>>> print(open('target13.csv').read())   # CSV, C-alpha atoms
chain,number,residue,atom,x,y,z
A,2,MET,CA,89.3,123.7,180.1
A,3,SER,CA,91.3,124.2,183.4
A,4,ARG,CA,94.1,121.9,182.5
A,5,PRO,CA,95.9,123.9,179.9
A,6,VAL,CA,95.6,127.0,182.1
A,7,ARG,CA,97.2,125.2,185.0
A,8,SER,CA,100.1,123.8,182.9
A,9,SER,CA,100.9,127.2,181.5
A,10,ASN,CA,100.8,128.6,185.0
A,11,LEU,CA,103.2,125.8,186.0
A,12,ARG,CA,105.5,126.9,183.1
A,13,LEU,CA,105.3,130.5,184.3
A,14,PHE,CA,106.1,129.4,187.8
A,15,LEU,CA,109.1,127.4,186.6
A,16,ALA,CA,110.4,130.3,184.5
A,17,GLY,CA,109.9,132.7,187.4
A,18,GLY,CA,111.7,130.3,189.8
A,19,LEU,CA,114.6,129.8,187.5
A,20,LEU,CA,114.9,133.6,187.1
A,21,VAL,CA,115.1,134.0,190.8
A,22,ALA,CA,117.8,131.2,191.1
A,23,VAL,CA,119.8,132.8,188.2
A,24,GLY,CA,119.5,136.2,189.8
A,25,LEU,CA,120.7,134.9,193.2
A,26,ALA,CA,123.6,133.0,191.7
A,27,MET,CA,124.7,135.8,189.3
A,28,LEU,CA,124.0,139.0,191.3
A,29,VAL,CA,123.7,138.2,195.0
A,30,SER,CA,126.6,135.7,195.1
A,31,GLY,CA,129.1,138.5,194.8
A,32,PHE,CA,128.0,139.8,198.2
A,33,ALA,CA,128.3,136.4,200.0
A,34,SER,CA,130.6,136.1,203.0
A,35,SER,CA,134.0,134.7,202.1
A,36,ALA,CA,134.7,133.6,205.7
A,37,PRO,CA,135.2,129.8,206.2
A,38,ASP,CA,132.0,127.9,206.6
A,39,GLY,CA,131.1,126.1,209.9
A,40,LEU,CA,133.0,122.9,209.2
A,41,ASN,CA,136.1,124.6,207.8
A,42,LYS,CA,136.2,126.9,210.8
A,43,VAL,CA,135.9,124.0,213.2
A,44,ALA,CA,138.7,122.3,211.3
A,45,GLU,CA,140.9,125.4,211.5
A,46,ASP,CA,140.2,125.9,215.2
A,47,HIS,CA,140.9,122.3,216.1
A,48,GLY,CA,143.9,121.6,214.0
A,49,PHE,CA,142.7,119.4,211.1
A,50,ALA,CA,142.2,121.9,208.4
A,51,ALA,CA,145.7,121.1,207.0
A,52,ASN,CA,144.5,117.5,206.5
A,53,ALA,CA,142.4,118.6,203.5
A,54,ARG,CA,144.0,117.4,200.3
A,55,GLU,CA,143.8,119.4,197.1
A,56,HIS,CA,140.8,118.7,195.0
A,57,LEU,CA,141.4,116.5,192.0
A,58,PHE,CA,139.7,119.2,189.8
A,59,GLU,CA,141.3,122.1,191.7
A,60,ASN,CA,142.4,123.6,188.3
A,61,GLY,CA,139.1,122.9,186.5
A,62,PRO,CA,137.6,125.8,184.5
A,63,LEU,CA,135.0,126.5,187.2
A,64,ALA,CA,136.9,125.4,190.3
A,65,GLY,CA,136.1,127.5,193.4
A,66,TYR,CA,133.1,129.2,191.8
A,67,ALA,CA,135.1,131.3,189.4
A,68,VAL,CA,135.4,131.1,185.7
A,69,LYS,CA,139.0,130.6,184.6
A,70,GLY,CA,140.2,133.5,182.5
A,71,VAL,CA,137.4,135.9,183.6
A,72,ASN,CA,138.8,138.9,185.5
A,73,GLY,CA,136.8,140.5,188.3
A,74,ASP,CA,135.7,138.6,191.3
A,75,ARG,CA,132.0,139.4,191.1
A,76,LEU,CA,131.8,138.8,187.3
A,77,SER,CA,133.7,135.6,187.5
A,78,THR,CA,131.6,134.3,190.5
A,79,GLY,CA,128.4,135.4,188.9
A,80,LEU,CA,129.1,133.7,185.6
A,81,SER,CA,130.1,130.5,187.4
A,82,GLY,CA,126.8,130.7,189.3
A,83,LEU,CA,124.8,131.1,186.1
A,84,ILE,CA,126.5,128.1,184.6
A,85,GLY,CA,126.0,126.1,187.8
A,86,VAL,CA,122.3,126.9,188.0
A,87,LEU,CA,121.7,126.0,184.4
A,88,VAL,CA,123.7,122.7,184.6
A,89,THR,CA,121.9,121.8,187.9
A,90,PHE,CA,118.5,122.6,186.4
A,91,GLY,CA,119.3,120.6,183.2
A,92,LEU,CA,120.5,117.6,185.2
A,93,GLY,CA,117.6,117.8,187.6
A,94,MET,CA,115.1,118.1,184.9
A,95,ALA,CA,116.6,115.1,183.0
A,96,LEU,CA,116.7,113.0,186.2
A,97,PHE,CA,113.1,113.7,187.2
A,98,ALA,CA,111.9,113.2,183.6
A,99,LEU,CA,113.6,109.8,183.7
A,100,ILE,CA,111.9,109.0,187.0
A,101,ARG,CA,108.6,110.0,185.5
A,102,VAL,CA,109.2,107.6,182.6
A,103,MET,CA,110.0,104.9,185.1
A,104,ARG,CA,106.7,105.6,186.8
A,105,SER,CA,104.6,105.6,183.7
A,106,GLY,CA,106.3,102.3,182.7
A,107,ARG,CA,105.3,100.8,186.0
A,108,ASP,CA,101.8,102.0,185.7
A,109,ARG,CA,101.4,100.3,182.3
A,110,SER,CA,103.0,97.0,183.4
A,111,GLU,CA,101.0,96.8,186.6
A,112,PRO,CA,97.3,97.4,185.7
A,113,THR,CA,96.2,96.6,189.2
A,114,ARG,CA,94.2,99.8,189.7
A,115,ALA,CA,90.5,99.5,190.2
A,116,PRO,CA,88.8,100.0,186.9
B,16,MET,CA,129.6,121.9,205.2
B,17,HIS,CA,131.3,120.3,202.2
B,18,ILE,CA,133.9,117.8,203.4
B,19,PRO,CA,137.1,117.9,201.4
B,20,ASP,CA,139.2,114.9,200.7
B,21,GLY,CA,141.4,114.0,203.7
B,22,PHE,CA,139.2,115.0,206.7
B,23,VAL,CA,137.9,111.4,207.0
B,24,ASN,CA,139.9,108.3,206.2
B,25,ALA,CA,139.4,106.2,203.1
B,26,PRO,CA,137.6,103.2,204.6
B,27,THR,CA,135.0,105.4,206.3
B,28,SER,CA,134.6,107.5,203.2
B,29,LEU,CA,134.1,104.3,201.1
B,30,ALA,CA,131.6,103.0,203.6
B,31,ALA,CA,129.7,106.3,203.5
B,32,GLY,CA,129.8,106.0,199.7
B,33,ALA,CA,128.0,102.7,200.0
B,34,VAL,CA,125.4,104.2,202.3
B,35,ALA,CA,124.9,107.1,200.0
B,36,ALA,CA,124.5,104.8,197.0
B,37,GLY,CA,121.9,102.8,198.9
B,38,GLY,CA,120.1,105.9,200.0
B,39,VAL,CA,120.1,107.4,196.5
B,40,GLY,CA,118.8,104.0,195.1
B,41,VAL,CA,116.0,103.9,197.6
B,42,SER,CA,115.1,107.5,196.8
B,43,LEU,CA,115.0,106.8,193.1
B,44,ARG,CA,112.6,103.9,193.6
B,45,ARG,CA,110.4,105.7,196.1
B,46,ALA,CA,110.4,108.9,194.0
B,47,ALA,CA,109.3,106.8,191.0
B,48,GLN,CA,106.4,105.5,193.0
B,49,THR,CA,105.3,108.8,194.5
B,50,LEU,CA,106.3,111.7,192.4
B,51,GLN,CA,103.4,113.6,191.0
B,52,GLU,CA,103.5,114.5,187.3
B,53,ARG,CA,103.5,118.2,187.9
B,54,GLN,CA,106.1,117.9,190.6
B,55,ALA,CA,108.8,116.5,188.4
B,56,PRO,CA,109.7,119.8,186.8
B,57,LEU,CA,109.4,121.5,190.2
B,58,ALA,CA,112.1,119.1,191.5
B,59,GLY,CA,114.5,120.2,188.7
B,60,LEU,CA,113.8,123.8,189.7
B,61,VAL,CA,114.3,123.0,193.4
B,62,ALA,CA,117.8,121.6,192.6
B,63,ALA,CA,118.8,124.7,190.7
B,64,TYR,CA,117.4,127.0,193.4
B,65,ILE,CA,119.4,125.1,196.1
B,66,PHE,CA,122.6,125.4,194.0
B,67,ALA,CA,122.0,129.1,193.8
B,68,VAL,CA,121.3,129.7,197.4
B,69,GLN,CA,124.2,127.5,198.5
B,70,MET,CA,126.5,130.1,197.0
B,71,LEU,CA,125.2,132.7,199.4
B,72,ASN,CA,127.3,132.3,202.5
B,73,PHE,CA,126.0,134.4,205.3
B,74,PRO,CA,128.1,135.4,208.3
B,75,VAL,CA,127.1,133.7,211.5
B,76,ALA,CA,129.9,134.5,214.0
B,77,ALA,CA,133.3,136.1,214.0
B,78,GLY,CA,135.1,134.8,211.0
B,79,THR,CA,132.6,132.1,210.2
B,80,SER,CA,129.9,131.7,207.6
B,81,GLY,CA,127.3,129.3,206.7
B,82,HIS,CA,125.0,128.5,203.8
B,83,LEU,CA,121.7,126.8,203.1
B,84,LEU,CA,121.9,123.0,202.9
B,85,GLY,CA,118.4,122.7,201.5
B,86,GLY,CA,117.6,119.1,202.1
B,87,ALA,CA,114.6,119.9,204.4
B,88,LEU,CA,113.4,122.6,202.0
B,89,ALA,CA,113.5,120.2,199.1
B,90,ALA,CA,111.8,117.5,201.0
B,91,ILE,CA,108.9,119.8,202.0
B,92,LEU,CA,108.5,121.0,198.5
B,93,VAL,CA,108.8,117.8,196.5
B,94,GLY,CA,108.8,115.0,199.1
B,95,PRO,CA,111.7,113.3,201.1
B,96,TRP,CA,112.6,111.0,198.2
B,97,ALA,CA,112.8,113.5,195.4
B,98,GLY,CA,114.2,116.0,197.9
B,99,ALA,CA,117.2,113.8,198.7
B,100,LEU,CA,117.8,113.4,195.0
B,101,CYS,CA,117.7,117.2,194.4
B,102,VAL,CA,120.5,117.8,196.9
B,103,SER,CA,122.5,114.9,195.6
B,104,VAL,CA,122.4,116.4,192.1
B,105,VAL,CA,123.6,119.7,193.6
B,106,LEU,CA,126.4,118.0,195.5
B,107,LEU,CA,127.5,116.0,192.4
B,108,VAL,CA,127.6,119.2,190.2
B,109,GLN,CA,129.6,121.0,193.0
B,110,ALA,CA,132.1,118.2,193.4
B,111,LEU,CA,132.7,117.6,189.7
B,112,LEU,CA,132.6,121.2,188.3
B,113,PHE,CA,133.3,123.5,191.1
B,114,ALA,CA,135.9,121.5,193.1
B,115,ASP,CA,133.6,122.0,196.2
B,116,GLY,CA,133.5,118.8,198.3
B,117,GLY,CA,136.1,116.1,197.8
B,118,LEU,CA,135.5,113.4,195.3
B,119,SER,CA,136.4,110.7,197.8
B,120,ALA,CA,134.1,112.5,200.3
B,121,LEU,CA,131.1,112.7,198.0
B,122,GLY,CA,129.4,109.8,199.8
B,123,LEU,CA,130.0,111.5,203.2
B,124,ASN,CA,128.6,114.7,201.8
B,125,ILE,CA,125.5,113.0,200.3
B,126,VAL,CA,124.8,111.2,203.5
B,127,ASN,CA,125.1,114.4,205.6
B,128,MET,CA,123.7,117.1,203.4
B,129,ALA,CA,121.2,115.2,201.2
B,130,LEU,CA,119.9,112.1,203.1
B,131,VAL,CA,120.1,113.3,206.7
B,132,THR,CA,118.7,116.7,206.0
B,133,ALA,CA,115.9,115.6,203.6
B,134,TRP,CA,114.8,112.6,205.6
B,135,GLY,CA,115.6,113.9,209.1
B,136,GLY,CA,114.2,117.3,208.3
B,137,TYR,CA,111.0,115.9,206.8
B,138,ALA,CA,110.5,113.6,209.8
B,139,ILE,CA,110.7,116.6,212.2
B,140,PHE,CA,108.5,118.6,209.8
B,141,LEU,CA,105.8,115.9,210.0
B,142,LEU,CA,106.0,115.8,213.8
B,143,LEU,CA,105.6,119.6,214.1
B,144,ARG,CA,102.7,119.5,211.6
B,145,ARG,CA,101.0,116.9,213.7
B,146,ALA,CA,101.3,119.1,216.8
B,147,LEU,CA,100.2,122.3,215.1
B,148,PRO,CA,96.8,123.3,213.5
B,149,ALA,CA,96.4,122.5,209.8
B,150,THR,CA,97.1,126.0,208.4
B,151,ARG,CA,99.5,127.5,206.0
B,152,THR,CA,101.2,129.4,208.7
B,153,SER,CA,101.8,126.1,210.5
B,154,VAL,CA,103.4,124.6,207.4
B,155,THR,CA,105.7,127.6,207.1
B,156,VAL,CA,106.7,127.6,210.7
B,157,SER,CA,107.2,123.8,210.8
B,158,ALA,CA,109.3,124.1,207.6
B,159,GLY,CA,111.6,126.7,209.2
B,160,VAL,CA,112.0,124.9,212.5
B,161,ALA,CA,112.6,121.5,210.9
B,162,ALA,CA,115.1,123.0,208.4
B,163,GLY,CA,117.0,124.6,211.3
B,164,ILE,CA,117.2,121.3,213.2
B,165,SER,CA,118.2,119.4,210.1
B,166,VAL,CA,121.4,121.4,209.9
B,167,VAL,CA,122.3,120.4,213.5
B,168,LEU,CA,121.5,116.8,212.5
B,169,ALA,CA,123.9,117.1,209.5
B,170,SER,CA,126.6,118.4,211.7
B,171,LEU,CA,126.0,115.4,214.1
B,172,ALA,CA,126.4,113.1,211.1
B,173,PHE,CA,129.8,114.6,210.4
B,174,VAL,CA,130.8,114.1,214.1
B,175,VAL,CA,129.8,110.4,213.8
B,176,GLU,CA,132.0,110.1,210.7
B,177,TYR,CA,134.8,112.0,212.5
B,178,ALA,CA,134.5,109.6,215.4
B,179,ILE,CA,134.8,106.6,213.1
B,180,GLY,CA,137.5,107.7,210.8
B,181,GLY,CA,138.4,111.3,211.4
B,182,THR,CA,142.0,112.2,210.6
B,183,GLY,CA,142.3,115.1,213.1
B,184,GLY,CA,143.8,114.9,216.5
B,185,ALA,CA,141.0,116.8,218.3
B,186,SER,CA,138.8,114.7,220.6
B,187,VAL,CA,135.4,113.7,219.4
B,188,GLY,CA,133.8,115.7,222.3
B,189,THR,CA,135.6,118.9,221.3
B,190,VAL,CA,134.6,118.5,217.7
B,191,LEU,CA,131.0,117.7,218.7
B,192,ALA,CA,130.7,120.8,220.9
B,193,ALA,CA,132.2,123.0,218.2
B,194,MET,CA,130.2,121.6,215.3
B,195,VAL,CA,126.8,121.7,217.1
B,196,GLY,CA,127.6,125.2,218.4
B,197,VAL,CA,128.3,126.8,215.0
B,198,HIS,CA,125.6,124.8,213.2
B,199,THR,CA,123.0,125.9,215.6
B,200,LEU,CA,123.7,129.4,214.4
B,201,ILE,CA,123.8,128.3,210.7
B,202,GLY,CA,120.5,126.5,211.3
B,203,ILE,CA,118.8,129.8,212.2
B,204,GLY,CA,119.7,131.1,208.7
B,205,GLU,CA,118.6,127.8,207.2
B,206,GLY,CA,115.3,128.1,209.0
B,207,ILE,CA,114.7,131.6,207.9
B,208,ILE,CA,115.5,131.0,204.2
B,209,THR,CA,113.4,127.8,204.2
B,210,ALA,CA,110.4,129.4,205.8
B,211,LEU,CA,110.6,132.4,203.4
B,212,THR,CA,110.8,130.1,200.4
B,213,VAL,CA,108.1,127.7,201.5
B,214,GLY,CA,105.9,130.7,202.4
B,215,VAL,CA,106.3,132.2,198.9
B,216,VAL,CA,105.5,128.9,197.1
B,217,LEU,CA,102.5,128.4,199.4
B,218,ARG,CA,101.2,131.8,198.3
B,219,VAL,CA,101.9,131.4,194.6
B,220,ARG,CA,101.3,127.7,194.0
B,221,PRO,CA,100.1,126.0,197.2
B,222,ASP,CA,99.1,122.9,195.2
B,223,LEU,CA,102.8,122.2,194.4
B,224,VAL,CA,103.9,121.9,198.1
B,225,TYR,CA,104.2,118.2,198.9
B,226,GLY,CA,104.3,118.9,202.6
B,227,ALA,CA,101.0,120.9,202.5
B,228,ALA,CA,99.0,118.5,200.2
B,229,ASP,CA,96.5,117.9,203.1
B,230,LEU,CA,95.6,121.6,203.0
B,231,GLN,CA,94.2,121.3,199.5
B,232,ALA,CA,90.4,121.5,199.3
B,233,PRO,CA,89.0,118.4,197.5
B,234,LEU,CA,89.0,118.9,193.8
B,235,VAL,CA,85.7,119.9,192.3
B,236,VAL,CA,84.8,119.7,188.6
B,237,GLY,CA,86.5,122.4,186.6
B,238,PRO,CA,88.1,124.4,189.3
B,239,GLN,CA,89.6,127.8,188.5
B,240,PRO,CA,93.1,128.6,189.7
B,241,GLY,CA,92.8,130.5,192.9
B,242,GLN,CA,89.7,128.6,193.9
B,243,MET,CA,91.7,125.6,194.7
B,244,VAL,CA,92.5,126.4,198.3
B,245,ARG,CA,90.5,127.7,201.1
B,246,ARG,CA,92.1,129.0,204.2
>>> encode(input="target13.csv", output="structure tokens")
Amino acid sequence: MSRPVRSSNLRLFLAGGLLVAVGLAMLVSGFASSAPDGLNKVAEDHGFAANAREHLFENGPLAGYAVKGVNGDRLSTGLSGLIGVLVTFGLGMALFALIRVMRSGRDRSEPTRAP
Amino acid sequence: MHIPDGFVNAPTSLAAGAVAAGGVGVSLRRAAQTLQERQAPLAGLVAAYIFAVQMLNFPVAAGTSGHLLGGALAAILVGPWAGALCVSVVLLVQALLFADGGLSALGLNIVNMALVTAWGGYAIFLLLRRALPATRTSVTVSAGVAAGISVVLASLAFVVEYAIGGTGGASVGTVLAAMVGVHTLIGIGEGIITALTVGVVLRVRPDLVYGAADLQAPLVVGPQPGQMVRR
């Protein structure tokens, strides 16, 4: 009896968590500090910031956390955040589903557990 | 703390790429052995959450910001092996889609922000847990402190890479002092965000927190949700 309840709770938890992530990436990201981060500041202060080369995908459609062609900084950043969260979630789910398959394959091939 | 192309020379970046590949390989194998069934989807969520919170740069000092790295947080929620993989996925997405973190520096960034923070952070977390009583509050406090220290460890990892193959003219000592100084401040932010997140998950679904598995009461037949945990 308790198993289905728990798994639906898990689904609810995942949905809630994803909603929080989407909200942070879409809405709160527009208020983030645009000052250089710790490493970039150190690089600026100590003369090696200029050694950074342009990123190969500098002109990509999402480069720099902005959606190309979308005007308005907050909207553009928020949309890029939404896309990033969904892509990361999808990729993460796929990776860990694969890992779980690896695990169940191992369990079947090595029936060493005590009966 | 994403290293762009050019801060560290090619041989060092390549060597870090090999270390990163090895670390990810070990993590894959170990995660396959240890990851609980219900923690697999949680790990996907953790990756997405870290991506989101990494966008939220907070000011730490005049003209400087920092953001969550998330390795320690991921390790405490889903274990050090799956945790390192969560951050690696985030770094991969950031480098390929968002031009954040150089492609040649991906290995360096995985070493610093995924492996060092997840494994180093989790080791510190375990030490703190051993020293503190077995309560949820201890888990939350240990998570925050370990996460804060993990940021300093990550900055030290960069200093090592800079010492080996840095392209800048500044002395290693200068870079060391500057990196540790600013990342101690960023670590405070990391600690607060990590403690808050772990605290919320502990309240909602304590059974999902890998680093608090020992707090679970032994399973009895047909437990109801909410009766799972005493404390």
>>> atom_distance(input="target13.csv", atom1="atom CA of Thr132 of chain B", atom2="atom CA of Ala99 of chain B")
8.0 Å
>>> residues_around(input="target13.csv", residues="segment 204-207 of chain B", least_positions_apart="3", cutoff="7 Å", atoms="all atoms listed in the file", output="PyMOL selection string")
chain B and resi 83+159-160+162-163+201+210-211
>>> residues_around(input="target13.csv", residues="Thr150 of chain B", least_positions_apart="4", cutoff="9 Å", atoms="only C-alpha atoms", output="number ranges by chain")
B: 154-155, 227, 230, 246
>>> write_last_selection(input="target13.csv", atoms="C-alpha atoms", output="PDB file, keeping the file's coordinate frame")
ATOM      1  CA  VAL B 154     103.400 124.600 207.400  1.00  0.00           C
ATOM      2  CA  THR B 155     105.700 127.600 207.100  1.00  0.00           C
ATOM      3  CA  ALA B 227     101.000 120.900 202.500  1.00  0.00           C
ATOM      4  CA  LEU B 230      95.600 121.600 203.000  1.00  0.00           C
ATOM      5  CA  ARG B 246      92.100 129.000 204.200  1.00  0.00           C
TER       6      ARG B 246
END
>>> interface_residues(input="target13.csv", of="chain A", to="chain B", cutoff="6 Å", atoms="all atoms listed in the file", output="JSON list (two decimals) with C-alpha atoms, in the frame of the given file")
[["chain", "number", "residue", "atom", "x", "y", "z"],
["A", 22, "ALA", "CA", 117.80, 131.20, 191.10],
["A", 25, "LEU", "CA", 120.70, 134.90, 193.20],
["A", 26, "ALA", "CA", 123.60, 133.00, 191.70],
["A", 30, "SER", "CA", 126.60, 135.70, 195.10],
["A", 33, "ALA", "CA", 128.30, 136.40, 200.00],
["A", 34, "SER", "CA", 130.60, 136.10, 203.00],
["A", 36, "ALA", "CA", 134.70, 133.60, 205.70],
["A", 37, "PRO", "CA", 135.20, 129.80, 206.20],
["A", 38, "ASP", "CA", 132.00, 127.90, 206.60],
["A", 39, "GLY", "CA", 131.10, 126.10, 209.90],
["A", 40, "LEU", "CA", 133.00, 122.90, 209.20],
["A", 47, "HIS", "CA", 140.90, 122.30, 216.10],
["A", 49, "PHE", "CA", 142.70, 119.40, 211.10],
["A", 52, "ASN", "CA", 144.50, 117.50, 206.50],
["A", 53, "ALA", "CA", 142.40, 118.60, 203.50],
["A", 54, "ARG", "CA", 144.00, 117.40, 200.30],
["A", 56, "HIS", "CA", 140.80, 118.70, 195.00],
["A", 58, "PHE", "CA", 139.70, 119.20, 189.80],
["A", 59, "GLU", "CA", 141.30, 122.10, 191.70],
["A", 63, "LEU", "CA", 135.00, 126.50, 187.20],
["A", 64, "ALA", "CA", 136.90, 125.40, 190.30],
["A", 65, "GLY", "CA", 136.10, 127.50, 193.40],
["A", 66, "TYR", "CA", 133.10, 129.20, 191.80],
["A", 86, "VAL", "CA", 122.30, 126.90, 188.00],
["A", 89, "THR", "CA", 121.90, 121.80, 187.90],
["A", 90, "PHE", "CA", 118.50, 122.60, 186.40],
["A", 93, "GLY", "CA", 117.60, 117.80, 187.60],
["A", 94, "MET", "CA", 115.10, 118.10, 184.90],
["A", 97, "PHE", "CA", 113.10, 113.70, 187.20],
["A", 100, "ILE", "CA", 111.90, 109.00, 187.00],
["A", 104, "ARG", "CA", 106.70, 105.60, 186.80]]
>>> atom_distance(input="target13.csv", atom1="atom CA of Val23 of chain A", atom2="atom CA of Gly85 of chain B")
16.8 Å
>>> atom_distance(input="target13.csv", atom1="atom CA of Gly86 of chain B", atom2="atom CA of Gly98 of chain B")
6.2 Å
>>> residues_around(input="target13.csv", residues="Glu176 of chain B", least_positions_apart="4", cutoff="9 Å", atoms="all atoms listed in the file", output="MDAnalysis selection string")
chainID B and resid 23 27:28 31 123 171:172 180:181
>>> residues_around(input="target13.csv", residues="segment 133-139 of chain B", least_positions_apart="3", cutoff="8 Å", atoms="all atoms listed in the file", output="list in words")
Gly85, Gly86, Ala87, Leu88, Ala89, Ala90, Ile91, Pro95, Trp96, Gly98, Ala99, Met128, Ala129, Leu130, Leu142, Leu143, Ala161, Ala162, Ile164, Ser165 and Leu168 of chain B
>>> closest_residue(input="target13.csv", among="B:Leu84, B:Ile208, B:Arg218, B:Ala149", to="Ile125 of chain B", atoms="only C-alpha atoms")
B:Leu84
>>> closest_residue(input="target13.csv", among="A:Ala95, A:Leu13, A:Leu28, A:Asp46", to="Leu83 of chain A", atoms="all atoms listed in the file")
A:Leu28
>>> build_atoms(input="target13.csv", residues="segment 56-70 of chain A", atoms="N, CA and C atoms", output="PDB file, in the frame of the given file")
ATOM      1  N   HIS A  56     141.789 119.306 195.854  1.00  0.00           N
ATOM      2  CA  HIS A  56     140.800 118.700 195.000  1.00  0.00           C
ATOM      3  C   HIS A  56     141.328 118.225 193.703  1.00  0.00           C
ATOM      4  N   LEU A  57     140.901 117.066 193.256  1.00  0.00           N
ATOM      5  CA  LEU A  57     141.400 116.500 192.000  1.00  0.00           C
ATOM      6  C   LEU A  57     141.153 117.524 190.840  1.00  0.00           C
ATOM      7  N   PHE A  58     140.041 118.240 190.908  1.00  0.00           N
ATOM      8  CA  PHE A  58     139.700 119.200 189.800  1.00  0.00           C
ATOM      9  C   PHE A  58     139.960 120.636 190.261  1.00  0.00           C
ATOM     10  N   GLU A  59     140.944 120.804 191.155  1.00  0.00           N
ATOM     11  CA  GLU A  59     141.300 122.100 191.700  1.00  0.00           C
ATOM     12  C   GLU A  59     141.553 123.140 190.561  1.00  0.00           C
ATOM     13  N   ASN A  60     142.069 122.652 189.440  1.00  0.00           N
ATOM     14  CA  ASN A  60     142.400 123.600 188.300  1.00  0.00           C
ATOM     15  C   ASN A  60     141.379 123.514 187.225  1.00  0.00           C
ATOM     16  N   GLY A  61     140.205 122.995 187.524  1.00  0.00           N
ATOM     17  CA  GLY A  61     139.100 122.900 186.500  1.00  0.00           C
ATOM     18  C   GLY A  61     138.677 124.328 186.144  1.00  0.00           C
ATOM     19  N   PRO A  62     137.974 124.446 185.026  1.00  0.00           N
ATOM     20  CA  PRO A  62     137.600 125.800 184.500  1.00  0.00           C
ATOM     21  C   PRO A  62     136.602 126.522 185.428  1.00  0.00           C
ATOM     22  N   LEU A  63     135.919 125.808 186.354  1.00  0.00           N
ATOM     23  CA  LEU A  63     135.000 126.500 187.200  1.00  0.00           C
ATOM     24  C   LEU A  63     135.338 126.299 188.715  1.00  0.00           C
ATOM     25  N   ALA A  64     136.519 125.771 188.961  1.00  0.00           N
ATOM     26  CA  ALA A  64     136.900 125.400 190.300  1.00  0.00           C
ATOM     27  C   ALA A  64     136.796 126.653 191.247  1.00  0.00           C
ATOM     28  N   GLY A  65     136.260 126.432 192.426  1.00  0.00           N
ATOM     29  CA  GLY A  65     136.100 127.500 193.400  1.00  0.00           C
ATOM     30  C   GLY A  65     135.137 128.577 193.037  1.00  0.00           C
ATOM     31  N   TYR A  66     134.154 128.235 192.211  1.00  0.00           N
ATOM     32  CA  TYR A  66     133.100 129.200 191.800  1.00  0.00           C
ATOM     33  C   TYR A  66     133.681 130.430 191.150  1.00  0.00           C
ATOM     34  N   ALA A  67     134.606 130.193 190.230  1.00  0.00           N
ATOM     35  CA  ALA A  67     135.100 131.300 189.400  1.00  0.00           C
ATOM     36  C   ALA A  67     135.408 130.723 188.036  1.00  0.00           C
ATOM     37  N   VAL A  68     135.133 131.531 187.015  1.00  0.00           N
ATOM     38  CA  VAL A  68     135.400 131.100 185.700  1.00  0.00           C
ATOM     39  C   VAL A  68     136.803 131.432 185.283  1.00  0.00           C
ATOM     40  N   LYS A  69     137.560 130.412 184.926  1.00  0.00           N
ATOM     41  CA  LYS A  69     139.000 130.600 184.600  1.00  0.00           C
ATOM     42  C   LYS A  69     139.085 131.614 183.440  1.00  0.00           C
ATOM     43  N   GLY A  70     139.959 132.583 183.596  1.00  0.00           N
ATOM     44  CA  GLY A  70     140.200 133.500 182.500  1.00  0.00           C
ATOM     45  C   GLY A  70     139.324 134.769 182.581  1.00  0.00           C
TER      46      GLY A  70
END
